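Here's final-v5.cif, which has mmCIF, C-alpha atoms:
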```cif
data_target
loop_
_atom_site.label_atom_id
_atom_site.label_comp_id
_atom_site.auth_asym_id
_atom_site.auth_seq_id
_atom_site.Cartn_x
_atom_site.Cartn_y
_atom_site.Cartn_z
CA MET W 789 115.36 101.97 73.22
CA ARG W 790 111.65 102.41 72.56
CA PRO W 791 110.20 105.97 72.74
CA GLY W 792 107.77 104.81 75.43
CA TYR W 793 107.25 102.03 77.96
CA VAL W 794 104.38 100.87 80.13
CA LEU W 795 105.31 99.75 83.65
CA LEU W 796 102.45 97.30 84.02
CA GLY W 797 101.49 96.18 87.52
CA SER W 798 101.28 97.39 91.10
CA ALA W 799 104.50 95.83 92.47
CA THR W 800 105.95 98.94 94.13
CA PHE W 801 109.31 97.32 94.85
CA LEU W 802 109.91 96.54 91.16
CA TYR W 803 108.62 99.95 90.07
CA GLU W 804 111.12 101.68 92.38
CA ARG W 805 113.96 99.53 90.99
CA ALA W 806 112.93 100.39 87.43
CA ARG W 807 112.68 104.09 88.25
CA ARG W 808 116.12 104.14 89.91
CA GLY W 809 117.62 102.41 86.87
CA VAL W 810 116.10 104.92 84.45
CA LEU W 811 117.24 107.90 86.51
CA ALA W 812 120.76 106.55 86.93
CA THR W 813 121.09 105.97 83.18
CA LEU W 814 119.26 108.92 81.63
CA VAL W 815 118.84 111.69 84.18
CA PRO W 816 122.01 113.40 85.49
CA SER W 817 121.51 114.42 89.11
CA ASP W 818 122.50 118.05 88.42
CA LEU W 819 119.87 118.35 85.64
CA ARG W 820 117.03 116.52 87.37
CA ASP W 821 114.98 119.67 87.94
CA PHE W 822 115.04 120.41 84.21
CA CYS W 823 114.58 117.01 82.58
CA LEU W 824 112.53 114.84 84.98
CA HIS W 825 108.74 115.21 84.99
CA ASP W 826 106.34 113.34 87.28
CA LEU W 827 102.82 113.75 85.93
CA GLU W 828 99.38 112.49 86.97
CA LEU W 829 96.62 112.21 84.39
CA SER W 830 93.56 114.13 85.60
CA SER W 831 91.13 116.81 84.53
CA ASP W 832 93.96 119.33 84.99
CA THR W 833 96.67 117.27 83.24
CA THR W 834 95.48 115.54 80.08
CA VAL W 835 97.17 113.23 77.61
CA PHE W 836 97.47 116.22 75.27
CA ASP W 837 99.40 118.16 77.93
CA VAL W 838 101.77 115.22 78.42
CA LEU W 839 102.43 114.84 74.69
CA ASN W 840 102.94 118.58 74.27
CA LEU W 841 105.57 118.52 77.01
CA ALA W 842 107.27 115.48 75.45
CA GLN W 843 107.43 117.21 72.05
CA THR W 844 108.87 120.45 73.46
CA PRO W 845 112.69 120.34 73.73
CA SER W 846 114.16 121.41 77.04
CA LEU W 847 116.39 124.47 76.89
CA MET W 848 118.38 123.28 79.94
CA ALA W 849 118.80 119.53 79.34
CA PRO W 850 119.54 117.34 76.31
CA PHE W 851 117.02 114.65 77.27
CA GLN W 852 113.66 114.44 79.05
CA VAL W 853 112.06 111.62 81.05
CA LEU W 854 108.33 111.73 81.79
CA PHE W 855 106.71 109.38 84.32
CA VAL W 856 102.96 109.42 83.71
CA ARG W 857 100.72 108.02 86.46
CA GLY W 858 96.93 107.84 86.70
CA LEU W 859 96.68 105.68 83.61
CA LYS W 860 93.40 104.26 84.90
CA SER W 861 91.63 107.47 83.84
CA LEU W 862 92.59 106.77 80.22
CA TYR W 863 90.55 103.57 80.37
CA GLY W 864 87.58 104.92 82.29
CA ARG W 865 84.18 105.88 80.96
CA GLY W 866 84.07 107.13 77.40
CA ALA W 867 85.87 105.93 74.30
CA LYS W 868 88.83 108.36 74.62
CA LYS W 869 89.24 108.18 70.84
CA ASP W 870 90.90 111.59 70.62
CA GLU W 871 93.43 110.71 73.32
CA PHE W 872 94.45 107.43 71.70
CA ALA W 873 94.59 109.10 68.26
CA ALA W 874 96.96 111.73 69.69
CA LEU W 875 99.14 108.99 71.22
CA GLU W 876 99.30 107.18 67.87
CA ARG W 877 100.32 110.37 66.07
CA TYR W 878 103.06 111.05 68.61
CA PHE W 879 104.55 107.56 68.51
CA ARG W 880 104.60 107.57 64.71
CA SER W 881 107.08 110.44 64.97
CA PRO W 882 108.32 110.61 68.59
CA ASN W 883 110.77 113.11 69.98
CA PRO W 884 114.11 111.21 70.12
CA GLN W 885 115.16 113.37 73.09
CA ALA W 886 112.26 112.22 75.30
CA LEU W 887 111.19 109.01 77.01
CA LEU W 888 107.59 108.41 78.12
CA LEU W 889 107.01 105.95 80.96
CA PHE W 890 103.36 105.15 81.65
CA VAL W 891 102.73 103.70 85.13
CA ALA W 892 99.79 101.27 84.96
CA ASP W 893 99.54 100.48 88.66
CA HIS W 894 95.75 100.15 88.63
CA LEU W 895 96.05 96.39 88.15
CA SER W 896 97.93 93.64 89.96
CA LEU W 897 99.96 90.94 88.24
CA PRO W 898 100.50 87.73 90.24
CA SER W 899 103.77 85.81 89.91
CA ASP W 900 101.83 83.31 87.77
CA LEU W 901 99.87 85.26 85.15
CA ARG W 902 97.48 82.34 84.76
CA ARG W 903 96.12 83.17 88.21
CA MET W 904 95.28 86.76 87.34
CA GLU W 905 91.87 87.92 88.53
CA ARG W 906 89.27 88.54 85.84
CA GLU W 907 89.08 92.32 86.23
CA ASP W 908 92.86 92.67 86.15
CA LYS W 909 93.02 90.38 83.09
CA GLU W 910 90.59 92.66 81.25
CA ARG W 911 92.66 95.74 82.17
CA TYR W 912 95.87 93.94 81.22
CA ASP W 913 94.51 93.07 77.77
CA ARG W 914 93.24 96.61 77.13
CA VAL W 915 96.62 98.16 77.91
CA ARG W 916 98.48 95.69 75.70
CA GLU W 917 96.00 96.17 72.85
CA THR W 918 96.35 99.98 72.94
CA LEU W 919 99.59 101.35 74.36
CA GLY W 920 101.25 98.01 73.69
CA GLU W 921 101.02 98.82 69.97
CA TRP W 922 103.60 101.61 70.36
CA CYS W 923 105.31 101.08 73.73
CA GLY W 924 107.43 98.42 75.28
CA ILE W 925 105.69 96.53 78.10
CA VAL W 926 107.49 95.88 81.38
CA GLU W 927 105.42 93.49 83.51
CA LEU W 928 105.85 94.20 87.23
CA GLN W 929 104.65 90.84 88.51
CA ALA W 930 104.45 89.91 92.17
CA VAL W 931 107.70 88.22 93.17
CA SER W 932 107.37 84.50 93.84
CA GLU W 933 108.45 83.19 97.24
CA GLU W 934 111.40 81.32 95.75
CA ASP W 935 112.62 84.39 93.86
CA ALA W 936 112.19 86.50 97.00
CA VAL W 937 114.34 84.05 98.99
CA GLN W 938 117.02 84.11 96.27
CA TRP W 939 116.94 87.93 96.28
CA VAL W 940 117.48 88.01 100.04
CA LEU W 941 120.48 85.65 99.76
CA ALA W 942 122.00 87.56 96.82
CA THR W 943 121.48 90.98 98.42
CA ALA W 944 123.18 89.86 101.62
CA THR W 945 126.15 88.56 99.59
CA GLU W 946 126.43 91.93 97.82
CA ARG W 947 126.64 93.53 101.26
CA ASP W 948 129.49 91.18 102.32
CA ALA W 949 127.14 89.37 104.67
CA SER W 950 125.19 86.12 104.62
CA VAL W 951 121.71 84.92 105.46
CA ASP W 952 120.97 81.37 106.52
CA GLY W 953 118.61 79.66 104.04
CA ASN W 954 116.01 78.93 106.71
CA ALA W 955 116.25 82.53 107.93
CA ALA W 956 115.69 83.86 104.41
CA ARG W 957 112.62 81.67 103.93
CA GLU W 958 111.22 82.64 107.34
CA LEU W 959 111.72 86.33 106.52
CA VAL W 960 109.81 85.95 103.25
CA ASP W 961 107.04 83.85 104.83
CA ALA W 962 106.61 86.17 107.80
CA LEU W 963 106.14 89.20 105.56
CA ALA W 964 103.88 87.35 103.09
CA GLY W 965 106.25 87.99 100.18
CA ASP W 966 105.84 91.79 100.39
CA MET W 967 109.13 92.85 98.79
CA MET W 968 109.05 96.42 100.11
CA LEU W 969 108.74 95.10 103.67
CA ILE W 970 111.30 92.36 103.03
CA ALA W 971 113.84 94.88 101.73
CA THR W 972 113.26 97.17 104.74
CA GLU W 973 113.51 94.36 107.30
CA LEU W 974 116.56 92.85 105.60
CA GLU W 975 118.31 96.22 105.88
CA LYS W 976 117.52 96.27 109.62
CA LEU W 977 118.78 92.70 110.03
CA LEU W 978 122.05 93.42 108.24
CA LEU W 979 122.64 96.46 110.44
CA TYR W 980 121.77 94.40 113.52
CA VAL W 981 124.23 91.57 112.80
CA SER W 982 126.96 94.06 111.81
CA ALA W 983 126.75 95.95 115.12
CA PRO W 984 129.97 96.01 117.20
CA LEU W 985 128.26 94.14 120.03
CA ARG W 986 127.84 91.09 117.80
CA GLY W 987 130.72 88.65 117.77
CA ASP W 988 130.73 87.84 114.04
CA SER W 989 132.57 90.91 112.76
CA GLN W 990 135.05 90.91 115.65
CA HIS W 991 136.48 87.57 114.49
CA GLY W 992 136.82 88.68 110.88
CA ALA W 993 133.91 86.57 109.68
CA PRO W 994 131.20 88.14 107.52
CA ALA W 995 128.06 89.19 109.37
CA ALA W 996 125.52 86.38 109.29
CA VAL W 997 121.75 86.56 109.76
CA THR W 998 120.36 83.49 111.50
CA LEU W 999 116.86 82.16 112.02
CA ALA W 1000 117.00 83.38 115.63
CA ASP W 1001 117.76 86.91 114.37
CA VAL W 1002 114.66 86.86 112.18
CA GLU W 1003 112.53 85.60 115.05
CA THR W 1004 113.88 88.37 117.29
CA MET W 1005 113.86 91.34 114.92
CA VAL W 1006 111.03 90.67 112.47
CA LEU W 1007 108.46 88.27 113.83
CA ALA W 1008 108.03 90.10 117.12
CA ALA W 1009 107.02 93.34 115.40
CA LYS W 1010 104.83 91.54 112.86
CA GLN W 1011 103.02 89.31 115.35
CA ARG W 1012 102.10 91.69 118.19
CA SER W 1013 98.80 92.66 116.60
CA LEU W 1014 98.29 89.09 115.40
CA TYR W 1015 98.51 87.74 118.97
CA GLU W 1016 95.98 90.35 120.01
CA LEU W 1017 93.70 88.94 117.32
CA THR W 1018 94.19 85.31 118.41
CA ASP W 1019 93.61 86.41 122.00
CA ALA W 1020 90.22 87.84 121.01
CA LEU W 1021 89.46 84.72 118.96
CA SER W 1022 90.32 82.34 121.81
CA ARG W 1023 88.06 84.39 124.13
CA ARG W 1024 85.32 84.23 121.45
CA ASP W 1025 85.14 88.03 121.58
CA ARG W 1026 83.69 88.51 118.10
CA ALA W 1027 83.39 92.31 118.10
CA ARG W 1028 86.97 92.85 119.24
CA ALA W 1029 88.28 90.23 116.81
CA LEU W 1030 86.57 91.90 113.85
CA ALA W 1031 87.93 95.30 114.89
CA LEU W 1032 91.46 93.90 115.18
CA LEU W 1033 91.13 92.15 111.81
CA HIS W 1034 90.22 95.39 110.08
CA GLY W 1035 93.08 97.12 111.86
CA LEU W 1036 95.51 94.51 110.53
CA LEU W 1037 94.24 94.92 106.98
CA ASN W 1038 94.31 98.71 107.13
CA ALA W 1039 97.85 98.70 108.52
CA SER W 1040 99.16 96.38 105.80
CA ASP W 1041 100.70 97.89 102.70
CA GLY W 1042 98.97 95.24 100.64
CA GLY W 1043 95.50 95.96 102.07
CA GLU W 1044 93.23 93.11 101.11
CA ASP W 1045 96.09 91.42 99.24
CA SER W 1046 97.82 90.82 102.57
CA ALA W 1047 95.03 88.39 103.51
CA ILE W 1048 96.97 85.26 102.58
CA GLY W 1049 99.94 86.40 104.66
CA HIS W 1050 97.70 86.97 107.68
CA LEU W 1051 96.17 83.52 107.21
CA PHE W 1052 99.62 81.96 107.12
CA MET W 1053 100.56 83.59 110.43
CA LEU W 1054 97.19 82.72 111.94
CA ALA W 1055 97.58 79.05 110.98
CA LYS W 1056 101.10 78.97 112.40
CA THR W 1057 99.89 80.44 115.71
CA TYR W 1058 97.08 77.88 116.02
CA ARG W 1059 99.54 75.06 115.27
CA GLN W 1060 101.75 76.39 118.06
CA MET W 1061 98.75 76.44 120.40
CA LEU W 1062 97.96 72.85 119.43
CA VAL W 1063 101.48 71.73 120.40
CA LEU W 1064 101.29 73.61 123.72
CA HIS W 1065 97.86 72.09 124.45
CA GLU W 1066 98.93 68.53 123.64
CA LYS W 1067 102.19 68.88 125.63
CA ASN W 1068 100.26 70.49 128.52
CA VAL W 1069 102.68 73.44 128.69
CA ARG W 1070 101.84 75.72 131.61
CA ASP W 1071 104.79 78.12 131.91
CA SER W 1072 107.12 79.92 129.53
CA ARG W 1073 110.18 78.00 130.76
CA SER W 1074 108.82 74.84 129.15
CA ILE W 1075 107.72 76.42 125.88
CA TRP W 1076 111.22 76.40 124.36
CA GLN W 1077 111.50 72.65 124.95
CA VAL W 1078 108.44 71.78 122.85
CA LEU W 1079 108.66 74.40 120.07
CA TRP W 1080 111.57 73.79 117.73
CA PRO W 1081 113.70 76.45 115.93
CA GLY W 1082 111.70 78.11 113.17
CA PHE W 1083 108.49 77.33 115.03
CA ARG W 1084 109.11 79.37 118.17
CA VAL W 1085 107.30 82.48 119.35
CA PRO W 1086 108.73 85.90 120.29
CA PRO W 1087 109.54 86.11 124.02
CA PHE W 1088 106.85 88.74 124.62
CA ALA W 1089 104.17 86.34 123.36
CA ALA W 1090 105.12 83.17 125.26
CA ASP W 1091 102.86 83.61 128.29
CA LEU W 1092 100.04 85.02 126.18
CA LEU W 1093 100.11 82.05 123.81
CA ILE W 1094 100.06 79.58 126.71
CA GLN W 1095 96.98 81.32 128.12
CA GLN W 1096 95.28 81.18 124.74
CA ALA W 1097 96.03 77.47 124.30
CA ARG W 1098 94.57 76.67 127.73
CA ARG W 1099 91.24 78.30 126.83
CA PHE W 1100 90.49 75.37 124.52
CA LYS W 1101 88.94 72.36 126.24
CA THR W 1102 90.35 69.84 123.77
CA ALA W 1103 92.96 69.65 121.04
CA GLY W 1104 90.08 68.83 118.72
CA GLN W 1105 88.76 72.38 119.07
CA ILE W 1106 92.11 73.77 117.90
CA ALA W 1107 92.17 71.24 115.07
CA GLY W 1108 88.71 72.42 114.05
CA ALA W 1109 89.98 76.01 113.97
CA LEU W 1110 92.85 74.92 111.72
CA ARG W 1111 90.37 73.30 109.34
CA SER W 1112 88.44 76.58 109.18
CA ILE W 1113 91.67 78.47 108.41
CA ALA W 1114 92.55 75.94 105.70
CA LYS W 1115 89.12 76.40 104.12
CA ALA W 1116 89.55 80.19 104.13
CA ASP W 1117 92.97 79.80 102.50
CA LEU W 1118 91.43 77.61 99.78
CA ASP W 1119 88.67 80.18 99.19
CA LEU W 1120 91.24 82.97 98.79
CA ARG W 1121 93.34 81.03 96.28
CA SER W 1122 90.53 79.48 94.25
CA GLY W 1123 89.40 82.59 92.38
CA PRO W 1124 88.42 86.27 92.53
CA VAL W 1125 86.70 86.82 95.87
CA ASP W 1126 86.21 89.58 98.41
CA LYS W 1127 89.21 88.80 100.61
CA THR W 1128 87.95 90.89 103.53
CA LEU W 1129 84.66 89.01 103.47
CA VAL W 1130 86.49 85.66 103.56
CA LEU W 1131 88.44 86.76 106.64
CA GLU W 1132 85.34 88.13 108.34
CA ARG W 1133 83.59 84.79 107.81
CA LEU W 1134 86.61 83.05 109.31
CA VAL W 1135 86.40 85.27 112.41
CA LEU W 1136 82.71 84.36 112.75
CA ALA W 1137 83.58 80.67 112.50
CA LEU W 1138 86.43 80.88 115.02
CA THR W 1139 84.39 82.82 117.56
CA GLY W 1140 81.32 80.60 117.28
CA GLU W 1141 80.52 77.63 119.47
CA PRO W 1142 82.70 74.58 118.65
CA ASN W 1143 81.14 71.75 116.67
CA SER W 1144 80.47 68.54 118.53
CA ALA W 1145 82.93 66.81 116.21
CA ASP W 1146 85.67 69.13 117.44
CA LEU W 1147 85.17 68.27 121.10
CA SER W 1148 86.89 64.91 120.74
CA HIS W 1149 90.67 64.68 120.99
CA HIS W 1150 92.62 64.90 117.75
CA SER W 1151 96.39 64.83 117.45
CA VAL W 1152 97.05 67.16 114.55
CA VAL W 1153 100.46 68.82 114.36
CA ALA W 1154 101.13 69.79 110.75
#
```
Would you mind writing the structure in this file as C-alpha cells?
Amino acid sequence: MRPGYVLLGSATFLYERARRGVLATLVPSDLRDFCLHDLELSSDTTVFDVLNLAQTPSLMAPFQVLFVRGLKSLYGRGAKKDEFAALERYFRSPNPQALLLFVADHLSLPSDLRRMEREDKERYDRVRETLGEWCGIVELQAVSEEDAVQWVLATATERDASVDGNAARELVDALAGDMMLIATELEKLLLYVSAPLRGDSQHGAPAAVTLADVETMVLAAKQRSLYELTDALSRRDRARALALLHGLLNASDGGEDSAIGHLFMLAKTYRQMLVLHEKNVRDSRSIWQVLWPGFRVPPFAADLLIQQARRFKTAGQIAGALRSIAKADLDLRSGPVDKTLVLERLVLALTGEPNSADLSHHSVVA
C-alpha cells in the first residue's frame, strides 16, 4: 500500500465506494473517533497542519486515515513551493501508521479521458506531475452508460432480484447516467417489486424490475418538471421556459453537467409529441395504442402531452424543434462550452416563430 493516494475526479458515487472500502479495511468502527480525520485545506487548515497530524502517532489507535479535501487551494494563485517541499519531505519518510487520501474533486473526468475539457486536462496534468510523484492515483471517471447498465444488473442479482435489460437501460438513460441517482432509484425499485402486494415473491420467484416499473416509479418523478418546461415551450412562453430551465439545472445534482440528460428527455418528449400529432391522438385512451413500451409517458402527463402536441400546426414544426435539439446536443458534445448558454439558446429557438421550412408536413419519427 502506498503512503498516500489521490482520489482524482468528481464522481461522488465512486468516491463514496472508495471511502467505504477504506473504512471497512483500515478503520475499526469502535476506533473511528480516534483514527479517522476529515480535513479541508483552507487558511485555518494548511498542508503543514495535515502533515503534522499524519506524523503524530495516535495514542488511542494503531493506524490513522486522513481524508484531505479542498485540494484546489493547493493549486491556486502562488507557487506553493513550501507546501510541495513539505509534502516531498514527508513522503520520503512517511509514517507507516498513517494513510493520506487527497480528494481532488475540483475537476471532472469523463468516461473517455480523450474527451476531457481543456481546463480539467490542465488540472489533471498538474496533480499527476506533483502529488502523482509520491502518491497512487485513483481516477474517478464518470461511469459509461454500458457500465452503468451492467452495474444495475449485477447489483440486482446480488440482492436476489433481477432487472430486465430494457428496464436497466431506461433507468440509466432517464437519469442521464448519474450513478448516485441511479443507485437511489434502483433501491426504491427493488423495494417496490419486493413488496407483499406484488405477485412475484408470493410465487417463490425472485423479485423482478420491469420496464413498466421504471416508467411508473422513476420517469414520473423525473419528468414532471420537464413536462412543465415543454408546456411553456409549446405555448412559446419564453420567460417561463427560461425560468423552468434554470430550475431544472439548479435542482440537478450535476448542475450544468446534467444538460445532456435534460436534452435527451426533451428530445424524447418531442418525438412522442410528433407521434401523437401524426396519429391525430385526441384523448388519453388512445395514447397507449400509438406509444409502444419504453416510449410511453407517465399517466399524469398523458393529457398534458396531447394538449402540447395539438398546439403545433404541422408535424414539420415539431420536426424543426427536434433539429434544434439535435444541434444543441452536438454543440454540447463537440467541445468545452457554456452548457447553460447552449440550453438558453435552445429555449430561444424553440419559443421563436417557426421557420417557413418547418410549416410543411414532415414524417419524422426517430
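For the residues W:Asp1119, W:Asp893, W:Glu975, W:Glu1016, ranking by smallest atom-to-atom distance to W:Ser798 using all atoms listed in the file places W:Asp893 first.
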Which neighbours of W:Leu802 fall inside 10 Å, counting all atoms listed in the file, when residues of the same chain fewer than 5 positions from it are skipped, and could you give them as a list in words?
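Close residues of W:Leu802: Leu795, Gly797, Arg807, Arg808, Glu927, Leu928, Gln929, Ala930, Val931, Met967 and Met968 of chain W.
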Measuring between only C-alpha atoms, which one of W:Lys869, W:Arg1133, W:Arg1121, W:Arg790 shows the shortest distance to W:Arg903?
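Ranked by minimum distance to W:Arg903, first place goes to W:Arg1121.
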Looking at only C-alpha atoms, which of W:Leu1131, W:Leu1110, W:Leu1136, W:Val1069 is the one that sits closest to W:Ala1047?
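Using only C-alpha atoms, the shortest distance to W:Ala1047 belongs to W:Leu1131.
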Counting all atoms listed in the file, which residue out of W:Ile1094, W:Ala849, W:Ala1055, W:Leu1118 sits closest to W:Arg1070?
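Of the candidates, the smallest distance to W:Arg1070 is held by W:Ile1094.
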Can you work out which one of W:Ala971, W:Met904, W:Glu921, W:Leu859 has the shortest atom-to-atom distance to W:Phe801, counting all atoms listed in the file?
W:Ala971
Can you work out which one of W:Thr813, W:Ser1074, W:Ser1112, W:Gln938 has the shortest atom-to-atom distance to W:Leu1051, counting only C-alpha atoms?
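Between W:Thr813, W:Ser1074, W:Ser1112, W:Gln938, the residue approaching W:Leu1051 most closely is W:Ser1112.
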Residue contacts of W:Pro1124 (9 Å, all atoms listed in the file) excluding same-chain residues fewer than 4 positions away, as a ChimeraX atom specification:
/W:904-907,1120
Selection dump of the PyMOL selection byres ((chain W and resi 1054) around 9), as number ranges by chain:
W: 1014-1015, 1017-1018, 1049-1053, 1055-1059, 1110, 1113
Include C-alpha atoms and write out the residues we just selected as an mmCIF file, in the coordinates of the input.
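So the final result, stored in again_37.cif, reads:
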```cif
data_model
loop_
_atom_site.group_PDB
_atom_site.id
_atom_site.type_symbol
_atom_site.label_atom_id
_atom_site.label_comp_id
_atom_site.auth_asym_id
_atom_site.auth_seq_id
_atom_site.Cartn_x
_atom_site.Cartn_y
_atom_site.Cartn_z
ATOM 1 C CA LEU W 1014 98.290 89.090 115.400
ATOM 2 C CA TYR W 1015 98.510 87.740 118.970
ATOM 3 C CA LEU W 1017 93.700 88.940 117.320
ATOM 4 C CA THR W 1018 94.190 85.310 118.410
ATOM 5 C CA GLY W 1049 99.940 86.400 104.660
ATOM 6 C CA HIS W 1050 97.700 86.970 107.680
ATOM 7 C CA LEU W 1051 96.170 83.520 107.210
ATOM 8 C CA PHE W 1052 99.620 81.960 107.120
ATOM 9 C CA MET W 1053 100.560 83.590 110.430
ATOM 10 C CA ALA W 1055 97.580 79.050 110.980
ATOM 11 C CA LYS W 1056 101.100 78.970 112.400
ATOM 12 C CA THR W 1057 99.890 80.440 115.710
ATOM 13 C CA TYR W 1058 97.080 77.880 116.020
ATOM 14 C CA ARG W 1059 99.540 75.060 115.270
ATOM 15 C CA LEU W 1110 92.850 74.920 111.720
ATOM 16 C CA ILE W 1113 91.670 78.470 108.410
#
```
Would you write out, as a PyMOL selection string, every residue that the PyMOL selection byres ((chain W and resi 1064) around 9) captures in this file?
chain W and resi 1059-1063+1065-1070+1075+1078-1079+1093-1094+1097-1098
Let me know the residues the PyMOL selection byres ((chain W and resi 796) around 12) catches in the file above, as a VMD selection string.
chain W and resid 793 to 795 797 to 800 802 to 803 806 857 859 to 860 889 to 898 908 to 909 911 to 916 919 to 920 923 to 930
One decimal, Å: what's the distance from atom CA of W:Leu824 over to atom CA of W:Val853, could you say?
5.1 Å
May I ask for the distance between atom CA of W:Leu969 and atom CA of W:Val1006, given in Å to one decimal place?
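One can read the atom CA of W:Leu969 to atom CA of W:Val1006 distance as 10.1 Å.
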List as a PDB file with C-alpha atoms, keeping the file's coordinate frame the protein and nucleic acid residues near W:Ala936, meaning an atom at most 10 Å away when all atoms listed in the file are counted, but skip any in the same chain fewer than 3 places from it.
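Final output, saved to result_20.pdb:
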```pdb
ATOM      1  CA  ALA W 930     104.450  89.910  92.170  1.00  0.00           C
ATOM      2  CA  VAL W 931     107.700  88.220  93.170  1.00  0.00           C
ATOM      3  CA  SER W 932     107.370  84.500  93.840  1.00  0.00           C
ATOM      4  CA  GLU W 933     108.450  83.190  97.240  1.00  0.00           C
ATOM      5  CA  TRP W 939     116.940  87.930  96.280  1.00  0.00           C
ATOM      6  CA  VAL W 940     117.480  88.010 100.040  1.00  0.00           C
ATOM      7  CA  LEU W 941     120.480  85.650  99.760  1.00  0.00           C
ATOM      8  CA  ALA W 942     122.000  87.560  96.820  1.00  0.00           C
ATOM      9  CA  ALA W 956     115.690  83.860 104.410  1.00  0.00           C
ATOM     10  CA  ARG W 957     112.620  81.670 103.930  1.00  0.00           C
ATOM     11  CA  LEU W 959     111.720  86.330 106.520  1.00  0.00           C
ATOM     12  CA  VAL W 960     109.810  85.950 103.250  1.00  0.00           C
ATOM     13  CA  ASP W 961     107.040  83.850 104.830  1.00  0.00           C
ATOM     14  CA  GLY W 965     106.250  87.990 100.180  1.00  0.00           C
ATOM     15  CA  ASP W 966     105.840  91.790 100.390  1.00  0.00           C
ATOM     16  CA  MET W 967     109.130  92.850  98.790  1.00  0.00           C
ATOM     17  CA  ILE W 970     111.300  92.360 103.030  1.00  0.00           C
ATOM     18  CA  ALA W 971     113.840  94.880 101.730  1.00  0.00           C
TER      19      ALA W 971
END
```
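As for atom CA of W:Pro845 and atom CA of W:Val810, they are spaced 19.1 Å apart.
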Mind working out the centre and edge lengths of an axis-aligned box for stretch 1105-1122 of chain W, all listed atoms inside, 3 Å added to each side, rounded to one decimal in Å and written as JSON?
```
{"center_x": 90.9, "center_y": 77.1, "center_z": 106.7, "size_x": 10.9, "size_y": 17.7, "size_z": 30.8}
```
Exercise: W:Phe836 partners within 12 Å, only C-alpha atoms, chain neighbours under 6 positions left out, as a PyMOL selection string:
chain W and resi 829-830+842-843+862+868+870-878
File of the preceding selection, C-alpha atoms, as a PDB file, keeping the file's coordinate frame:
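Saved the output as selection26.pdb:
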```
ATOM      1  CA  LEU W 829      96.620 112.210  84.390  1.00  0.00           C
ATOM      2  CA  SER W 830      93.560 114.130  85.600  1.00  0.00           C
ATOM      3  CA  ALA W 842     107.270 115.480  75.450  1.00  0.00           C
ATOM      4  CA  GLN W 843     107.430 117.210  72.050  1.00  0.00           C
ATOM      5  CA  LEU W 862      92.590 106.770  80.220  1.00  0.00           C
ATOM      6  CA  LYS W 868      88.830 108.360  74.620  1.00  0.00           C
ATOM      7  CA  ASP W 870      90.900 111.590  70.620  1.00  0.00           C
ATOM      8  CA  GLU W 871      93.430 110.710  73.320  1.00  0.00           C
ATOM      9  CA  PHE W 872      94.450 107.430  71.700  1.00  0.00           C
ATOM     10  CA  ALA W 873      94.590 109.100  68.260  1.00  0.00           C
ATOM     11  CA  ALA W 874      96.960 111.730  69.690  1.00  0.00           C
ATOM     12  CA  LEU W 875      99.140 108.990  71.220  1.00  0.00           C
ATOM     13  CA  GLU W 876      99.300 107.180  67.870  1.00  0.00           C
ATOM     14  CA  ARG W 877     100.320 110.370  66.070  1.00  0.00           C
ATOM     15  CA  TYR W 878     103.060 111.050  68.610  1.00  0.00           C
TER      16      TYR W 878
END
```
